[in-house]
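Peer 1: Structure below; questions to follow.
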Amino acid sequence: MEENLGKVTIAPNVLVTIVQKTSMSEPGVAQLCDNVPGVKRLLGIHTVSRGVAVSVEGKSVKVNVHLIARRGVDLLQMGLNLQKSITRAMQDIVGMEVREVNIHIDDIATELSKVSEDEKAGTG
């Protein structure tokens, strides 16, 4: 006999955090973009934060990731790996069906921008 103990609610920001952490663990990702261009609110729960947009409809999720890739990386392979990693993380951690994971490579990091970041941090 199954007991009704109440319900479990996972905040949309948790889903965004899972996607962000998973994305940054991919070796070819330099950083996530500061914002997600052209995002519109649709029916359902829609959350946007630093390079990631997550839309929940029922028990399924749609993910858009906007990122800057490292130089010299196979962009297609990195994107495919990231799609698999994000899908696996969402299924394993929160048990949600993943409708789609769209990877948007908005730019490629250059050595010049790395030097500029080091100078800002006082290490360059």
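Naming scheme: A, B, ... for chains in displayed order of the structure tokens; residues 1 onward per chain; ligands 1 onward as shown.
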Skip segment 2-10 of chain A itself and residues of its chain fewer than 5 positions away, then list as a list in words all residues within 12 Å of it, counting only C-alpha atoms.

Peer 2: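 Those residues are Leu15, Val16, Thr17, Ile18, Ile45, Val56, Lys59, Met90, Ile93, Val94, Gly95 and Met96 of chain A.
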
Peer 1: Please provide the set of residues having any atom within 12 Å of segment 19-36 of chain A, restricted to only C-alpha atoms, with same-chain residues fewer than 6 positions apart removed, written as number ranges by chain.

Peer 2: A: 12-13, 47-54, 61-91, 93-94, 98, 101-111, 113-114

Peer 1: Keeping only C-alpha atoms, write the selected residues to a file as a PDB file, in the first residue's frame.

Peer 2:
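Dumped to out.pdb:
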```pdb
ATOM      1  CA  PRO A  12      13.118  25.809 -11.290  1.00  0.00           C
ATOM      2  CA  ASN A  13      16.365  27.456 -10.135  1.00  0.00           C
ATOM      3  CA  THR A  47      13.475  30.203 -15.702  1.00  0.00           C
ATOM      4  CA  VAL A  48      16.518  32.007 -17.097  1.00  0.00           C
ATOM      5  CA  SER A  49      19.888  32.555 -15.432  1.00  0.00           C
ATOM      6  CA  ARG A  50      23.436  33.114 -16.683  1.00  0.00           C
ATOM      7  CA  GLY A  51      23.467  31.402 -20.075  1.00  0.00           C
ATOM      8  CA  VAL A  52      20.753  28.861 -19.278  1.00  0.00           C
ATOM      9  CA  ALA A  53      17.019  28.835 -19.970  1.00  0.00           C
ATOM     10  CA  VAL A  54      14.891  26.004 -18.617  1.00  0.00           C
ATOM     11  CA  VAL A  61      11.956  19.903 -19.447  1.00  0.00           C
ATOM     12  CA  LYS A  62      13.413  21.843 -22.358  1.00  0.00           C
ATOM     13  CA  VAL A  63      16.894  23.364 -21.951  1.00  0.00           C
ATOM     14  CA  ASN A  64      18.747  26.080 -23.878  1.00  0.00           C
ATOM     15  CA  VAL A  65      22.400  26.731 -23.086  1.00  0.00           C
ATOM     16  CA  HIS A  66      24.296  29.746 -24.442  1.00  0.00           C
ATOM     17  CA  LEU A  67      28.043  29.431 -24.044  1.00  0.00           C
ATOM     18  CA  ILE A  68      31.479  30.521 -25.122  1.00  0.00           C
ATOM     19  CA  ALA A  69      33.663  27.634 -26.251  1.00  0.00           C
ATOM     20  CA  ARG A  70      37.376  27.182 -25.736  1.00  0.00           C
ATOM     21  CA  ARG A  71      39.601  27.687 -28.734  1.00  0.00           C
ATOM     22  CA  GLY A  72      40.737  24.569 -30.625  1.00  0.00           C
ATOM     23  CA  VAL A  73      37.823  22.389 -29.504  1.00  0.00           C
ATOM     24  CA  ASP A  74      35.711  20.217 -31.809  1.00  0.00           C
ATOM     25  CA  LEU A  75      32.557  22.322 -31.403  1.00  0.00           C
ATOM     26  CA  LEU A  76      30.119  19.734 -32.751  1.00  0.00           C
ATOM     27  CA  GLN A  77      31.484  16.966 -30.527  1.00  0.00           C
ATOM     28  CA  MET A  78      31.504  19.266 -27.501  1.00  0.00           C
ATOM     29  CA  GLY A  79      27.861  20.207 -28.170  1.00  0.00           C
ATOM     30  CA  LEU A  80      26.821  16.568 -28.544  1.00  0.00           C
ATOM     31  CA  ASN A  81      28.675  15.581 -25.351  1.00  0.00           C
ATOM     32  CA  LEU A  82      27.002  18.423 -23.489  1.00  0.00           C
ATOM     33  CA  GLN A  83      23.542  17.390 -24.704  1.00  0.00           C
ATOM     34  CA  LYS A  84      24.130  13.864 -23.400  1.00  0.00           C
ATOM     35  CA  SER A  85      25.587  15.058 -20.082  1.00  0.00           C
ATOM     36  CA  ILE A  86      22.748  17.496 -19.397  1.00  0.00           C
ATOM     37  CA  THR A  87      20.100  14.922 -20.339  1.00  0.00           C
ATOM     38  CA  ARG A  88      21.713  12.324 -18.062  1.00  0.00           C
ATOM     39  CA  ALA A  89      22.014  14.806 -15.170  1.00  0.00           C
ATOM     40  CA  MET A  90      18.371  15.870 -15.400  1.00  0.00           C
ATOM     41  CA  GLN A  91      17.179  12.266 -15.556  1.00  0.00           C
ATOM     42  CA  ILE A  93      19.196  13.916 -10.345  1.00  0.00           C
ATOM     43  CA  VAL A  94      15.555  14.974 -10.670  1.00  0.00           C
ATOM     44  CA  VAL A  98      14.113  15.799 -21.216  1.00  0.00           C
ATOM     45  CA  VAL A 101      18.670  20.258 -25.018  1.00  0.00           C
ATOM     46  CA  ASN A 102      19.749  23.034 -27.377  1.00  0.00           C
ATOM     47  CA  ILE A 103      23.375  24.122 -27.238  1.00  0.00           C
ATOM     48  CA  HIS A 104      24.090  27.593 -28.636  1.00  0.00           C
ATOM     49  CA  ILE A 105      27.781  28.344 -29.138  1.00  0.00           C
ATOM     50  CA  ASP A 106      27.704  32.128 -29.166  1.00  0.00           C
ATOM     51  CA  ASP A 107      31.455  32.775 -29.353  1.00  0.00           C
ATOM     52  CA  ILE A 108      34.919  31.267 -29.046  1.00  0.00           C
ATOM     53  CA  ALA A 109      37.252  32.401 -26.297  1.00  0.00           C
ATOM     54  CA  THR A 110      40.480  33.973 -27.466  1.00  0.00           C
ATOM     55  CA  GLU A 111      43.822  34.179 -25.714  1.00  0.00           C
ATOM     56  CA  SER A 113      40.324  37.786 -23.600  1.00  0.00           C
ATOM     57  CA  LYS A 114      42.126  35.406 -21.205  1.00  0.00           C
TER      58      LYS A 114
END
```

Peer 1: From segment 10-110 of chain A, collect each residue whose DSSP state is alpha helix (DSSP H) and return the set as a ChimeraX atom specification.

Peer 2: /A:12-24,75-89
